[in-house]
Every structure is written in structure tokens, then in C-alpha cells.
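Read through the structure below, which is laid out as C-alpha cells, and then see the notes.
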Amino acid sequence: MPNALITGWGRCVPPAVLSNADLETVTDTSDDWITSRTGIKERRISHVEVSDLSTVAASHALAAAGLGPTDLDLIIVATCSPDRAIPSAATMVQAKLGATRAGAMDLNAACSGFIFALSTADQMIRSGSMRRVLVIGAEKLSYWLDFSNRATSVLFGDGAGAVVLEAAEEEGGLLAFELGADGTAGDLLCVPASGTEGNPLRRELPTILMEGAEVFRRAVTAMGDSASRVVARAGLSLDDIDLFIPHQANVRIIDATARRLDLDPAKVFVNIASYGNTSAATIPIALSEALEAGRITPGANLVLAAFGGGFTWAAAVYRWGRRVTPVGTSPAALPPSSATALELLAPNIAVHGKGV
Ligand code: UT7
């Protein structure tokens, strides 16, 4: 049975920055509150769609793996904010890359989506059915921001991260994973009327609703407990873990989860200050930044953990292979835009105005 190793990685964050000071002008909040309650200083707002962010992240990941688009057998885009319901974001990426041999599908497990997609790809490869799978986490949650709701509109941002998973004889890959869900809690974090439900004659702009404190409590328990279960299932102890890459929803959730696991803070990767919560994209963006920063060494044991709408949660232990540097680079970039974040958000601001 082959192992499935990450051989390429990349990310794409759009250029427009929405700062906490910008948010003070459109909703009743303050830099002090956002920084102290969430750890977020700024987030990115996209002038393009999820398939565009995904394609650029994927081009970097393919170059890092030293592969071309026609080497791919499958593309999975983990997202809950695709360009369209049909066609899927993944098929759009397939066309934009020219990945003519690849199947393509979207996977929606909200903020946990990347780990769900990574483990799906891992199993496809380990079963021998596929050899090279592109896994992307990408979101444009800014589309759903409601500035009359200060409890959610300050949290989210846009971006994409991608990895290439390849069949390999080399040691490494996913040592254990766990995927969980509690559909009875769906209303605690949701975007009503974002699908087919509701009376089309009374359609309102769908926006993100969340019972923040309850989501917070459940996120810490689920991420902490599933992370410790997968570490045990991998036959490791928490001392064997070199880097914890948690979903980036709130720095207080990350700190509380790390305390629950009794993990040294130096082993926890945190970049939420720069991007906010990009849902399925937080972990692959963090992974590519961790590699660039030299935080992942050959043979390193990583733990990934996430929690999100559904509720869904997931955790995985991944042992890195030998190569921690890219084979090549790609010039891929988004079309240029000089629009500011507030200009891009003008439709949201016009619909909801400055709330309290
Ligand atoms: O990706 C997975 C899903 N998402 C998450 O994991 C997020 C989970 N939840 C959270 O991160 C936190 O619950 C929030 C950041 C959403 C809220 O933080 P909190 O410490 O739980 O605050 P709270 O909701 O208990 O509200 C405390 C106070 C309230 O005021 P009063 O009632 O005490 O006067 C809120 O109205 O903070 C107020 N508040 C704000 N004030 C300024 C809530 N949002 C804001 C805001 N600016 N943006």
C-alpha cells in the first residue's frame, strides 16, 4: 500500500486588506475589542471568486511539487462559498488549470473542510485508485458579511491554500485522522437561505449567523479531544508532536485548545492576526506559511485540527516526508486590482448599513 505524501503546497491571498480600523467605520466595534477577543488585526477581501483564488494557490502547489496540471487524477476543493452551486468550484479550477485528466469535486464541511478533503485524498491514494490528488481549501466568506452583526462581521476573510498529495514509497503521510459531525447543532453556525430553502419572493441577502460563545466552547472541546485521540491512534504521545496547526478562528480558541492538550505554545502555528478566519482555507494557508518559515523539518510530526459549521470537526496526524523546499516556483497571480477592501464591500455595506 503506497503512502500519500504532500509534495507541493501553495497559497493565494487577495491584495485588499480590511483592517480593524476600517471595520470601526462600518460597524460598532473597536480595534481593542477585536484584538483582545479574537487576535485578528486584519483580513483580506477578494476581488475575484473562489475558483480564481484556488487556481493560483494550486499553480503554486503544482510548481512546488514539480508537476504539471495533466499529472493530476483528482481535484478536491473544500469550500462553503463556491462561485456557483453548479458547476462546482473544483471543475472551474480543473478548466482554468487545464487539468484534463482529473476528476473534480467540491466538499463542504465548513471550517473543517480541508481535513475532510485531505483524508479523502489520502484514502484514494492509499487504496491504489489514484496517484496524484490536488486538495484545496478556499473561501470568499466576505460575500456573506453583514455589518449590522458586529459579532460575526469582524471575524472572516478570504483566501485559498492548496497541497498536492502523491503516492510514494517514502515514509510519511497521514498516520491517523478523525472526522466528526453533530448535525443537531446546525443552527448555531449557519447561513440561512444560502441554498434552495426559503420563499424566493421574500429572498434576503444570506448572512452568517453564529452563537459565538457556544461555538467557542464546543470548538475547544472537539478540537482538543479529537487531536489527542488521533495522536494516540497514531501510536504517538503529545511530546512527539513538532507542530500543531489548528484552524484559525480565534486566538483564544487556539490558546485554550493548546492548553487542553498541554502543548508548548512554541509548537503552535498562529497566523490569524493577518487573515482572520478563512474557514476551509486557514489550515492550508498556515501550512504553506509554516514551510516557508522553516517551522516544518524533514520527518516532522504535525497535528491538524478544525471545527466549524454543521457542526463538523476533524483532526489528523501527518508525518512530513524528506523534502521541505519547493521543486519549482510558478508566476501565477491574480488579475491586478487597486480596489480597497471597503470599496469591494460596498454592496454589503449598502444592504446593511452601519449597525449597532
Ligand atoms: O470557524 C469556526 C467557527 N467560529 C468560531 O469558532 C468562533 C467562535 N466564537 C468566538 O470566537 C467568540 O465567541 C466571538 C469572537 C464571536 C465573541 O467573543 P466572546 O468573548 O464570546 O464575546 P460575546 O459574544 O460573549 O460578547 C461579549 C460582549 C457583548 O457585549 P455585552 O453584552 O457584554 O455588552 C457583545 O455585544 O462583546 C460584544 N461584542 C462586541 N463588541 C465590540 C460582540 N462582538 C463585538 C465586536 N465589537 N465586534
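Every chain in the C-alpha cells has a letter given in the order shown (A, B, ...), and although residue numbers restart at 1 in each chain, ligands are simply numbered from 1 in the order shown.
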
Checklist entry - Using only C-alpha atoms and all ligand atoms, which protein or nucleic acid residues are at most 8 Å from ligand 1, as a VMD selection string? => result chain A and resid 27 to 30 33 to 34 37 to 38 110 to 111 149 to 155 189 210 to 217 219 247 to 250 252 to 253 277 to 279 306 to 309

Next on the checklist: So that I can check the surroundings of A:Ile254, please list as number ranges by chain every protein, DNA and RNA residue that reaches within 12 Å of it, counting only C-alpha atoms and ignoring chain neighbours fewer than 3 positions away.
Outcome noted: A: 38-39, 216-217, 219-224, 244-251, 257-261, 263, 265, 267-272, 304-307

Residues within 7 Å of A:Asn108, only C-alpha atoms, excluding chain neighbours under 2 positions, as a CSV table (one decimal) with all heavy atoms, in the first residue's frame:
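File written: selection-v8.csv
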```
chain,number,residue,atom,x,y,z
A,78,ALA,N,-12.3,22.1,-1.0
A,78,ALA,CA,-13.0,22.2,0.2
A,78,ALA,C,-13.5,23.7,0.3
A,78,ALA,O,-12.6,24.6,0.4
A,78,ALA,CB,-12.2,21.9,1.4
A,79,THR,N,-14.8,23.9,0.3
A,79,THR,CA,-15.3,25.3,0.3
A,79,THR,C,-16.8,25.3,0.7
A,79,THR,O,-17.5,24.3,0.5
A,79,THR,CB,-15.1,26.0,-1.0
A,79,THR,OG1,-15.5,27.4,-0.9
A,79,THR,CG2,-16.0,25.4,-2.1
A,80,CYS,N,-17.2,26.3,1.4
A,80,CYS,CA,-18.6,26.6,1.6
A,80,CYS,C,-19.0,27.9,0.9
A,80,CYS,O,-20.2,28.3,1.2
A,80,CYS,CB,-19.0,26.5,3.1
A,80,CYS,SG,-18.1,27.6,4.1
A,106,ASP,N,-16.3,19.4,-5.3
A,106,ASP,CA,-16.3,20.3,-4.1
A,106,ASP,C,-16.7,19.4,-2.9
A,106,ASP,O,-17.4,18.4,-3.0
A,106,ASP,CB,-17.3,21.4,-4.2
A,106,ASP,CG,-16.8,22.5,-5.2
A,106,ASP,OD1,-15.8,22.3,-5.8
A,106,ASP,OD2,-17.6,23.5,-5.3
A,110,ALA,N,-17.6,23.0,5.9
A,110,ALA,CA,-17.4,24.3,6.5
A,110,ALA,C,-15.9,24.5,6.9
A,110,ALA,O,-15.0,24.1,6.1
A,110,ALA,CB,-18.3,24.6,7.7
A,113,GLY,N,-13.4,21.6,6.4
A,113,GLY,CA,-13.3,21.0,5.1
A,113,GLY,C,-12.0,20.6,4.6
A,113,GLY,O,-11.9,19.5,3.9
```

Checklist entry - Residues of stretch 7-145 of chain A in helix (DSSP H, G or I) according to DSSP, as a ChimeraX atom specification? => result /A:20-24,31-38,50-65,69-71,89-97,110-126,141-144

Show me, as CSV, the residues of stretch 204-256 of chain A having an atom within 12 Å of stretch 166-174 of chain A, each with the closest atom pair and its distance in Å, using only C-alpha atoms.
```
residue,atom,partner,partner_atom,distance
A:Val230,CA,A:Leu174,CA,10.3
A:Val231,CA,A:Leu174,CA,11.1
A:Arg233,CA,A:Leu174,CA,11.3
A:Ala234,CA,A:Leu174,CA,8.9
```

Produce a file of the selected residues containing all heavy atoms, as a tab-separated table (two decimals), in the first residue's frame.
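Once everything was written out, this is part31.tsv:
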```
chain	number	residue	atom	x	y	z
A	230	VAL	N	-6.39	11.31	17.92
A	230	VAL	CA	-5.63	10.89	16.73
A	230	VAL	C	-4.15	10.69	17.05
A	230	VAL	O	-3.49	9.82	16.47
A	230	VAL	CB	-5.80	11.84	15.50
A	230	VAL	CG1	-7.18	11.73	14.92
A	230	VAL	CG2	-5.44	13.27	15.84
A	231	VAL	N	-3.64	11.48	17.98
A	231	VAL	CA	-2.24	11.30	18.37
A	231	VAL	C	-2.07	9.91	18.98
A	231	VAL	O	-1.14	9.17	18.64
A	231	VAL	CB	-1.79	12.41	19.35
A	231	VAL	CG1	-0.45	12.08	19.98
A	231	VAL	CG2	-1.72	13.75	18.62
A	233	ARG	N	-4.02	7.32	18.48
A	233	ARG	CA	-4.25	6.31	17.43
A	233	ARG	C	-3.02	6.16	16.53
A	233	ARG	O	-2.77	5.10	15.96
A	233	ARG	CB	-5.47	6.73	16.59
A	233	ARG	CG	-6.18	5.56	15.97
A	233	ARG	CD	-7.46	5.99	15.27
A	233	ARG	NE	-8.42	6.57	16.18
A	233	ARG	CZ	-9.32	7.51	15.85
A	233	ARG	NH1	-9.38	7.98	14.63
A	233	ARG	NH2	-10.17	7.97	16.74
A	234	ALA	N	-2.24	7.24	16.38
A	234	ALA	CA	-1.01	7.17	15.57
A	234	ALA	C	0.12	6.50	16.34
A	234	ALA	O	1.22	6.33	15.80
A	234	ALA	CB	-0.60	8.57	15.14
```

Checklist entry - Contacts of A:Gly10 at 12 Å or less, counting only C-alpha atoms, minus same-chain residues fewer than 4 places along, as an MDAnalysis selection string? => result chainID A and resid 6 53:65 134:138 159:164 281 283:292 325:326 328:333

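In this comparison, which uses only C-alpha atoms, the residue of A:Ser337, A:Asn348, A:Thr184, A:Thr7 approaching A:Thr312 most closely is A:Thr184.
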
Item to check | In stretch 49-115 of chain A, DSSP strand (DSSP E) residues written as a list in words | outcome: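 Of stretch 49-115 of chain A, only Leu74, Ile75, Ile76, Val77, Ala78, Gly103, Ala104, Met105, Asp106 and Leu107 of chain A fall in strand (DSSP E).
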